[in-house]
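Worksheet: the structure to be examined is printed underneath.
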Amino acid sequence: MNFSSHASKESDASSQQFRRFHRLRSSPQLRDLMRENTVTMNDLIYPIFVEEEIDRFVPIEAMPGIFRIPERRLAREVKALAKEGIKALMLFGVSHHKDHTGSDSWAANGLLSRMVRCAKNAAPEMVIIADCCFCGYTSHGHCGVLHCDLIDNDLTLQNLTSQTIAAANAGADIVAPSAMMDGQVTAIRRGLDEAGFTNLPIMAYSSKFASGFYGPFRAAADCEPKGDRNTYQVDPLNGREALNESFADEQEGADILMVKPGLCYLDVLARLRDQSNTPIAAYQVSGEYAMIKFAAKAGAIDEHRLIRETLGAFKRAGADLILTYFARDIARNGFA
Ligand code: PBG
């Protein structure tokens with residue numbers, strides 16, 4: 001057997017023995033054509049922080065590029081965001097009127113109501129989502145009423161219902177309960193329906209973990225709790241329990257489910273996608289944003305590539321919507 005015939009036989013055979021994936025990757029146009037997932041502004045929700053009684057934008061040190069927006073400047077800022085292409089906002093209030101229960105959050109003219117009304121009036125076509133929780137409004141920083149240092153779940157449900165009705169009255173397009181109280185979707189749905197808001201969707205923070213990735217947010221929203229949230233948020237090491245949280249919210253009537261944080265919990269997201277046809281949102285939280293920002297500042301990674309890769313991963317795992325502090329960056333610089 002001579003060498004050349006041996007070689008040609010070998011290459012005939014090999015083209016049948018393995019698949020040539022390179023064939024569909026050979027040009028940018030082919031790669032565009034073959035891409036299974038993409039992210040557009042239609043998928044993105046931009047979380048913003050609104051602080052009362054201040055005059056200047058306050059930079060959040062642990063989240064480069066993110067600021068607390070003075071309430072007085074909110075209308076102008078929302079108009080600018082709409083102009084840049086942001087289509088949905090999640091609003092977080094930074095309160096100067098905290099008390100034991102977080103009562104300002106459901107006052108008819110409290111910060112939450114005012115900022116929702118202001119944002120909605122500034123850009124009526126913008127989807128305004130009210131984060132409904134208490135940690136930004138309570139003196140102790142917990143997501144509900146404390147009783148002997150423990151969360152009083154059922155009392156908190158009543159307050160949460162009042163809060164979502166206040167947000168609805170102010171013009172919110174979606175309410176997003178993030179307190180992780182048991183039964184919160186049932187309570188809120190009933191309250192909204194009785195108040196005439198039968199058509200208002202609930203986006204439930206449903207698989208929400210007790211995560212170290214919320215660190216920068218707690219500085220941003222001034223809601224570092226005394227102690228921790230381990231008695232009401234899901235243990236990061238528990239996947240099945242997190243799925244049960246989402247299934248419970250789905251059964252209670254949640255219109256959108258959420259997995260939060262995003263990157264470390266793609267397994268939960270993918271399993272939830274397999275087992276539910278309800279829309280799912282993934283939240284790329286403050287610590288995930290900070291990791292990318294600071295690694296890029298250190299020259300260790302390419303920020304734009306990581307934005308694309310991480311948000312793309314959420315879509316690939318099954319997210320319909322993504323909450324991300326990078327939304328404004330994508331509006332300005334594109335995704336691809
Ligand atoms: C409030 C809430 C938190 C986040 C969103 N809503 C903080 C927490 O639960 O401790 C975190 C968002 C982020 O880190 O970007 N319950």
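A note on labels: chains of the structure tokens are A, B, ... as shown, every chain counts residues from 1, and ligands are counted from 1 in their shown order.
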
- Enumerate residues in contact with ligand 1: an atom-to-atom distance of at most 9 Å, counting only C-alpha atoms and all ligand atoms. Format the result as a PyMOL selection string. chain A and resi 47+92+131-136+141-143+177-180+205+208-218+220-221+223-225+228-229+233+260-261+283-289+323-325

- [ ] Please report, as a PyMOL selection string, each residue of segment 67-206 of chain A to which DSSP assigns alpha helix (DSSP H) when run on this structure's backbone.
- [x] chain A and resi 74-84+111-122+153-170+184-194

Kindly export the residues of the current selection with C-alpha atoms, as a PDB file, in the first residue's frame.
ATOM      1  CA  LEU A  74     -36.923  61.764  37.373  1.00  0.00           C
ATOM      2  CA  ALA A  75     -39.263  63.051  34.665  1.00  0.00           C
ATOM      3  CA  ARG A  76     -36.382  64.393  32.603  1.00  0.00           C
ATOM      4  CA  GLU A  77     -34.364  61.199  33.077  1.00  0.00           C
ATOM      5  CA  VAL A  78     -37.255  58.927  32.067  1.00  0.00           C
ATOM      6  CA  LYS A  79     -37.815  60.990  28.935  1.00  0.00           C
ATOM      7  CA  ALA A  80     -34.121  60.673  28.079  1.00  0.00           C
ATOM      8  CA  LEU A  81     -34.199  56.906  28.629  1.00  0.00           C
ATOM      9  CA  ALA A  82     -37.261  56.560  26.401  1.00  0.00           C
ATOM     10  CA  LYS A  83     -35.496  58.561  23.710  1.00  0.00           C
ATOM     11  CA  GLU A  84     -32.443  56.302  23.927  1.00  0.00           C
ATOM     12  CA  LEU A 111     -42.320  57.931  47.325  1.00  0.00           C
ATOM     13  CA  LEU A 112     -43.396  54.761  45.520  1.00  0.00           C
ATOM     14  CA  SER A 113     -46.664  56.279  44.305  1.00  0.00           C
ATOM     15  CA  ARG A 114     -45.008  59.558  43.353  1.00  0.00           C
ATOM     16  CA  MET A 115     -42.208  57.989  41.335  1.00  0.00           C
ATOM     17  CA  VAL A 116     -44.536  55.635  39.469  1.00  0.00           C
ATOM     18  CA  ARG A 117     -46.897  58.504  38.618  1.00  0.00           C
ATOM     19  CA  CYS A 118     -44.040  60.768  37.587  1.00  0.00           C
ATOM     20  CA  ALA A 119     -42.375  58.131  35.363  1.00  0.00           C
ATOM     21  CA  LYS A 120     -45.659  57.175  33.747  1.00  0.00           C
ATOM     22  CA  ASN A 121     -46.553  60.793  32.983  1.00  0.00           C
ATOM     23  CA  ALA A 122     -43.080  61.515  31.621  1.00  0.00           C
ATOM     24  CA  ASN A 153     -45.329  36.763  56.862  1.00  0.00           C
ATOM     25  CA  ASP A 154     -49.089  37.259  57.071  1.00  0.00           C
ATOM     26  CA  LEU A 155     -49.020  40.814  58.364  1.00  0.00           C
ATOM     27  CA  THR A 156     -46.569  41.650  55.591  1.00  0.00           C
ATOM     28  CA  LEU A 157     -49.042  40.219  53.049  1.00  0.00           C
ATOM     29  CA  GLN A 158     -51.603  42.837  54.046  1.00  0.00           C
ATOM     30  CA  ASN A 159     -49.066  45.647  53.641  1.00  0.00           C
ATOM     31  CA  LEU A 160     -47.847  44.228  50.359  1.00  0.00           C
ATOM     32  CA  THR A 161     -51.395  44.200  49.047  1.00  0.00           C
ATOM     33  CA  SER A 162     -51.814  47.851  50.047  1.00  0.00           C
ATOM     34  CA  GLN A 163     -48.508  48.696  48.411  1.00  0.00           C
ATOM     35  CA  THR A 164     -49.359  47.062  45.080  1.00  0.00           C
ATOM     36  CA  ILE A 165     -52.760  48.780  45.038  1.00  0.00           C
ATOM     37  CA  ALA A 166     -50.992  52.106  45.633  1.00  0.00           C
ATOM     38  CA  ALA A 167     -48.640  51.333  42.723  1.00  0.00           C
ATOM     39  CA  ALA A 168     -51.623  50.399  40.555  1.00  0.00           C
ATOM     40  CA  ASN A 169     -53.445  53.590  41.456  1.00  0.00           C
ATOM     41  CA  ALA A 170     -50.337  55.561  40.527  1.00  0.00           C
ATOM     42  CA  GLN A 184     -47.856  36.955  48.241  1.00  0.00           C
ATOM     43  CA  VAL A 185     -49.213  36.388  44.751  1.00  0.00           C
ATOM     44  CA  THR A 186     -52.553  35.097  46.040  1.00  0.00           C
ATOM     45  CA  ALA A 187     -52.909  38.063  48.379  1.00  0.00           C
ATOM     46  CA  ILE A 188     -51.902  40.645  45.797  1.00  0.00           C
ATOM     47  CA  ARG A 189     -54.060  39.169  43.030  1.00  0.00           C
ATOM     48  CA  ARG A 190     -57.095  39.191  45.276  1.00  0.00           C
ATOM     49  CA  GLY A 191     -56.431  42.762  46.411  1.00  0.00           C
ATOM     50  CA  LEU A 192     -55.844  44.048  42.892  1.00  0.00           C
ATOM     51  CA  ASP A 193     -58.950  42.329  41.555  1.00  0.00           C
ATOM     52  CA  GLU A 194     -61.120  43.707  44.346  1.00  0.00           C
TER      53      GLU A 194
END

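Within the 7 Å cut-off around Pro201 of chain A, using only C-alpha atoms and omitting residues fewer than 3 positions from it on the same chain, the listed residues are Ile174, Val175 and Asp255 of chain A.
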
Those residues with C-alpha atoms, as a PDB file, in the first residue's frame please?
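Final file, part-v1.pdb:
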ATOM      1  CA  ILE A 174     -46.807  45.729  36.123  1.00  0.00           C
ATOM      2  CA  VAL A 175     -46.316  45.107  39.838  1.00  0.00           C
ATOM      3  CA  ASP A 255     -48.233  36.265  35.033  1.00  0.00           C
TER       4      ASP A 255
END

Practice task
Compile the contact shell of Gly93 of chain A as a ChimeraX atom specification: residues with an atom at most 6 Å away, counting only C-alpha atoms, same-chain residues fewer than 3 positions apart removed.
Solution key: /A:49-51

- Task: Please provide as a PyMOL selection string all residues within 7 Å of Ala317 of chain A, with the sequence filter that same-chain residues fewer than 2 positions apart are discarded (counting only C-alpha atoms).
- Result: chain A and resi 266+269-270+313-315+319
